[in-house]
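> I am attaching a structure below and will ask some questions about it afterwards.
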Amino acid sequence: MKQISLITNFTVFDSIEELNERETDLMKKAVEVRKQAYAPYSKFQVGAVLLLDNGEIVTGTNQENAAYPSGLCAERVAIFYAGANFPNAKVEKIFISASPEEKELDKPIPPCGSCRQSIAEYEIKQESPIEIYFMGGKGEIIKSNSLKDLLPLLFDKNYL
(Lines give C-alpha, C1' and ligand atoms only; values in the text may rest on other atoms or scores of the structure.)
Protein backbone atom coordinates (compact mmCIF):
# COMPACT_ATOMS: atom_id res chain seq x y z
CA MET A 1 0.00 0.00 0.00
CA LYS A 2 1.10 3.54 -0.66
CA GLN A 3 -0.33 6.94 0.03
CA ILE A 4 -0.44 9.83 -2.43
CA SER A 5 -0.91 13.51 -1.75
CA LEU A 6 -2.56 15.90 -4.14
CA ILE A 7 -1.82 19.59 -3.75
CA THR A 8 -3.83 22.29 -5.45
CA ASN A 9 -3.33 26.02 -5.32
CA PHE A 10 -5.93 28.74 -5.59
CA THR A 11 -5.76 32.51 -5.58
CA VAL A 12 -8.21 34.25 -3.27
CA PHE A 13 -9.30 37.82 -3.94
CA ASP A 14 -10.97 39.68 -1.08
CA SER A 15 -13.34 41.44 -3.48
CA ILE A 16 -14.09 42.04 -7.13
CA GLU A 17 -12.02 45.25 -7.01
CA GLU A 18 -8.81 43.18 -6.72
CA LEU A 19 -9.30 41.69 -10.20
CA ASN A 20 -7.86 43.45 -13.24
CA GLU A 21 -10.23 45.66 -15.25
CA ARG A 22 -11.20 43.02 -17.83
CA GLU A 23 -11.77 40.35 -15.17
CA THR A 24 -13.77 42.80 -13.05
CA ASP A 25 -16.06 43.53 -16.01
CA LEU A 26 -16.58 39.81 -16.69
CA MET A 27 -17.28 38.97 -13.05
CA LYS A 28 -19.74 41.87 -12.82
CA LYS A 29 -21.42 40.46 -15.91
CA ALA A 30 -21.68 37.05 -14.19
CA VAL A 31 -23.35 38.74 -11.21
CA GLU A 32 -25.75 40.59 -13.54
CA VAL A 33 -26.54 37.50 -15.63
CA ARG A 34 -27.15 35.45 -12.45
CA LYS A 35 -30.21 37.56 -11.75
CA GLN A 36 -31.76 36.30 -15.02
CA ALA A 37 -31.58 32.64 -13.97
CA TYR A 38 -34.70 30.54 -14.20
CA ALA A 39 -34.77 29.06 -10.70
CA PRO A 40 -38.42 29.03 -9.56
CA TYR A 41 -37.99 25.91 -7.40
CA SER A 42 -34.66 26.23 -5.61
CA LYS A 43 -34.51 30.04 -5.75
CA PHE A 44 -30.74 29.50 -6.14
CA GLN A 45 -29.44 31.57 -9.02
CA VAL A 46 -26.20 30.98 -10.92
CA GLY A 47 -24.64 33.03 -13.69
CA ALA A 48 -21.64 32.04 -15.80
CA VAL A 49 -19.61 34.09 -18.26
CA LEU A 50 -17.02 32.56 -20.60
CA LEU A 51 -14.24 34.45 -22.32
CA LEU A 52 -13.19 32.72 -25.53
CA ASP A 53 -9.84 33.12 -27.26
CA ASN A 54 -11.57 34.75 -30.25
CA GLY A 55 -12.82 37.56 -27.98
CA GLU A 56 -16.40 36.28 -27.81
CA ILE A 57 -18.19 36.40 -24.47
CA VAL A 58 -20.74 33.68 -23.79
CA THR A 59 -23.20 33.74 -20.89
CA GLY A 60 -25.32 31.12 -19.21
CA THR A 61 -27.74 30.86 -16.32
CA ASN A 62 -29.13 27.86 -14.51
CA GLN A 63 -32.39 26.61 -16.02
CA GLU A 64 -34.60 24.60 -13.68
CA ASN A 65 -37.46 22.31 -14.55
CA ALA A 66 -40.26 20.79 -12.44
CA ALA A 67 -38.73 17.44 -13.42
CA TYR A 68 -35.54 18.27 -11.49
CA PRO A 69 -33.05 16.17 -13.47
CA SER A 70 -34.15 17.98 -16.63
CA GLY A 71 -32.65 21.31 -15.58
CA LEU A 72 -29.17 22.49 -16.42
CA CYS A 73 -26.51 24.45 -14.55
CA ALA A 74 -25.28 27.85 -15.75
CA GLU A 75 -21.75 26.62 -16.42
CA ARG A 76 -22.96 23.84 -18.69
CA VAL A 77 -25.46 26.11 -20.47
CA ALA A 78 -22.59 28.48 -21.30
CA ILE A 79 -19.93 25.91 -22.19
CA PHE A 80 -22.29 23.84 -24.37
CA TYR A 81 -23.43 27.02 -26.15
CA ALA A 82 -19.79 27.95 -26.78
CA GLY A 83 -19.02 24.44 -28.05
CA ALA A 84 -22.02 24.48 -30.39
CA ASN A 85 -21.55 27.99 -31.75
CA PHE A 86 -17.76 28.45 -31.60
CA PRO A 87 -16.43 24.89 -32.00
CA ASN A 88 -12.88 25.98 -32.81
CA ALA A 89 -12.55 28.60 -30.08
CA LYS A 90 -10.82 27.88 -26.80
CA VAL A 91 -12.37 28.79 -23.46
CA GLU A 92 -9.82 30.96 -21.67
CA LYS A 93 -11.72 31.92 -18.53
CA ILE A 94 -15.00 31.22 -16.76
CA PHE A 95 -16.55 33.60 -14.23
CA ILE A 96 -19.27 32.25 -11.93
CA SER A 97 -21.56 33.97 -9.44
CA ALA A 98 -24.02 31.92 -7.37
CA SER A 99 -26.40 32.90 -4.60
CA PRO A 100 -29.97 32.41 -3.36
CA GLU A 101 -32.53 34.97 -4.56
CA GLU A 102 -33.41 36.10 -1.03
CA LYS A 103 -29.88 36.92 0.14
CA GLU A 104 -26.46 37.41 -1.37
CA LEU A 105 -23.98 34.86 -0.11
CA ASP A 106 -20.49 36.18 0.47
CA LYS A 107 -18.78 32.78 0.23
CA PRO A 108 -17.43 31.51 -3.10
CA ILE A 109 -19.55 28.75 -4.67
CA PRO A 110 -17.55 26.37 -6.92
CA PRO A 111 -19.01 24.46 -9.88
CA CYS A 112 -20.87 21.24 -9.05
CA GLY A 113 -19.46 17.85 -9.99
CA SER A 114 -21.36 17.58 -13.28
CA CYS A 115 -20.14 21.01 -14.33
CA ARG A 116 -16.58 20.15 -13.34
CA GLN A 117 -16.69 17.06 -15.55
CA SER A 118 -18.15 19.05 -18.45
CA ILE A 119 -15.53 21.78 -18.12
CA ALA A 120 -12.85 19.06 -17.95
CA GLU A 121 -13.98 17.72 -21.31
CA TYR A 122 -13.40 21.10 -22.94
CA GLU A 123 -10.09 21.70 -21.17
CA ILE A 124 -8.81 18.32 -22.38
CA LYS A 125 -10.19 18.87 -25.90
CA GLN A 126 -8.54 22.27 -26.28
CA GLU A 127 -5.30 21.09 -24.64
CA SER A 128 -5.00 24.23 -22.53
CA PRO A 129 -6.17 25.15 -19.04
CA ILE A 130 -9.31 27.13 -18.31
CA GLU A 131 -9.08 29.68 -15.52
CA ILE A 132 -12.15 29.51 -13.28
CA TYR A 133 -13.19 32.42 -11.06
CA PHE A 134 -16.06 31.80 -8.66
CA MET A 135 -17.87 33.77 -6.00
CA GLY A 136 -21.16 33.97 -4.15
CA GLY A 137 -23.29 37.04 -4.73
CA LYS A 138 -20.61 39.33 -3.34
CA GLY A 139 -17.34 39.23 -1.45
CA GLU A 140 -14.44 36.85 -1.86
CA ILE A 141 -13.50 35.36 -5.23
CA ILE A 142 -11.49 32.19 -5.71
CA LYS A 143 -9.47 31.63 -8.87
CA SER A 144 -8.46 28.18 -10.06
CA ASN A 145 -5.81 28.10 -12.80
CA SER A 146 -7.22 24.90 -14.27
CA LEU A 147 -10.15 22.58 -13.83
CA LYS A 148 -7.59 19.99 -12.74
CA ASP A 149 -7.20 21.95 -9.49
CA LEU A 150 -10.92 21.46 -8.76
CA LEU A 151 -11.04 17.88 -10.02
CA PRO A 152 -7.52 16.45 -9.72
CA LEU A 153 -8.45 12.81 -10.43
CA LEU A 154 -10.66 13.53 -13.39
CA PHE A 155 -12.20 10.94 -15.68
CA ASP A 156 -11.27 11.48 -19.33
CA LYS A 157 -11.18 9.77 -22.72
CA ASN A 158 -8.01 7.87 -21.82
CA TYR A 159 -10.10 5.56 -19.64
CA LEU A 160 -12.41 4.59 -22.50
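Each chain in the C-alpha coordinates gets a letter, A, B, ..., in the order shown, and its residues are numbered from 1; ligands are numbered from 1 in order too.
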Quick one: residues within 12 Å of Tyr81 in chain A, only C-alpha atoms, excluding same-chain residues fewer than 3 positions away - as a list in words?
Ala48, Val49, Leu50, Leu52, Glu56, Ile57, Val58, Thr59, Gly60, Thr61, Ala74, Glu75, Arg76, Val77, Ala78, Ala84, Asn85, Phe86, Pro87, Ala89 and Val91 of chain A
> Could the residues in this selection be saved with N, CA and C atoms as a short mmCIF file (atom, residue, chain, number, x, y, z; two decimals), in the first residue's frame?

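Written file, result.cif:
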```cif
data_model
loop_
_atom_site.label_atom_id
_atom_site.label_comp_id
_atom_site.auth_asym_id
_atom_site.auth_seq_id
_atom_site.Cartn_x
_atom_site.Cartn_y
_atom_site.Cartn_z
N ALA A 48 -22.98 32.38 -15.32
CA ALA A 48 -21.64 32.04 -15.80
C ALA A 48 -21.32 32.87 -17.03
N VAL A 49 -20.09 33.32 -17.12
CA VAL A 49 -19.61 34.09 -18.26
C VAL A 49 -18.31 33.45 -18.73
N LEU A 50 -18.23 33.14 -20.02
CA LEU A 50 -17.02 32.56 -20.60
C LEU A 50 -16.35 33.58 -21.49
N LEU A 52 -13.80 33.60 -24.54
CA LEU A 52 -13.19 32.72 -25.53
C LEU A 52 -11.96 33.38 -26.14
N GLU A 56 -14.96 36.42 -28.09
CA GLU A 56 -16.40 36.28 -27.81
C GLU A 56 -16.63 36.08 -26.32
N ILE A 57 -17.76 36.60 -25.85
CA ILE A 57 -18.19 36.40 -24.47
C ILE A 57 -19.50 35.64 -24.52
N VAL A 58 -19.56 34.54 -23.81
CA VAL A 58 -20.74 33.68 -23.79
C VAL A 58 -21.28 33.65 -22.36
N THR A 59 -22.59 33.77 -22.22
CA THR A 59 -23.20 33.74 -20.89
C THR A 59 -24.14 32.55 -20.75
N GLY A 60 -24.37 32.19 -19.51
CA GLY A 60 -25.32 31.12 -19.21
C GLY A 60 -25.89 31.32 -17.83
N THR A 61 -27.11 30.85 -17.63
CA THR A 61 -27.74 30.86 -16.32
C THR A 61 -28.32 29.48 -16.07
N ALA A 74 -25.74 26.71 -14.96
CA ALA A 74 -25.28 27.85 -15.75
C ALA A 74 -23.98 27.56 -16.49
N GLU A 75 -23.06 26.90 -15.80
CA GLU A 75 -21.75 26.62 -16.42
C GLU A 75 -21.90 25.74 -17.65
N ARG A 76 -22.76 24.74 -17.55
CA ARG A 76 -22.96 23.84 -18.69
C ARG A 76 -23.76 24.52 -19.80
N VAL A 77 -24.74 25.34 -19.44
CA VAL A 77 -25.46 26.11 -20.47
C VAL A 77 -24.46 26.91 -21.29
N ALA A 78 -23.56 27.61 -20.61
CA ALA A 78 -22.59 28.48 -21.30
C ALA A 78 -21.57 27.67 -22.10
N ALA A 84 -21.14 24.60 -29.23
CA ALA A 84 -22.02 24.48 -30.39
C ALA A 84 -21.85 25.63 -31.39
N ASN A 85 -21.60 26.82 -30.88
CA ASN A 85 -21.55 27.99 -31.75
C ASN A 85 -20.15 28.47 -32.11
N PHE A 86 -19.15 28.07 -31.34
CA PHE A 86 -17.76 28.45 -31.60
C PHE A 86 -16.88 27.21 -31.41
N PRO A 87 -17.09 26.18 -32.23
CA PRO A 87 -16.43 24.89 -32.00
C PRO A 87 -14.91 24.93 -32.05
N ALA A 89 -13.07 27.64 -31.06
CA ALA A 89 -12.55 28.60 -30.08
C ALA A 89 -12.20 27.87 -28.79
N VAL A 91 -11.86 28.08 -24.63
CA VAL A 91 -12.37 28.79 -23.46
C VAL A 91 -11.15 29.19 -22.64
#
```
> If you count only C-alpha atoms, which residues fall within 9 Å of Ile119 in chain A, apart from same-chain ones fewer than 5 positions away, as a list of chain:residue names?
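The residues satisfying every condition are A:Glu75, A:Arg76, A:Ile79, A:Ser114, A:Ile124, A:Ile130, A:Leu147.
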> Using CA of Lys107 in chain A and CA of Cys73 in chain A as the two end points, give the distance in Å to one decimal.
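The value is 18.6 Å.
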> Would you list the contacts of range 10-14 of chain A as a list in words, taking every protein, DNA or RNA residue within 9 Å and counting only C-alpha atoms, but skipping same-chain residues closer than 2 positions in sequence?
Thr8, Ile16, Glu17, Glu18, Leu19, Gly139, Glu140, Ile141, Ile142, Lys143, Ser144, Asn145 and Asp149 of chain A
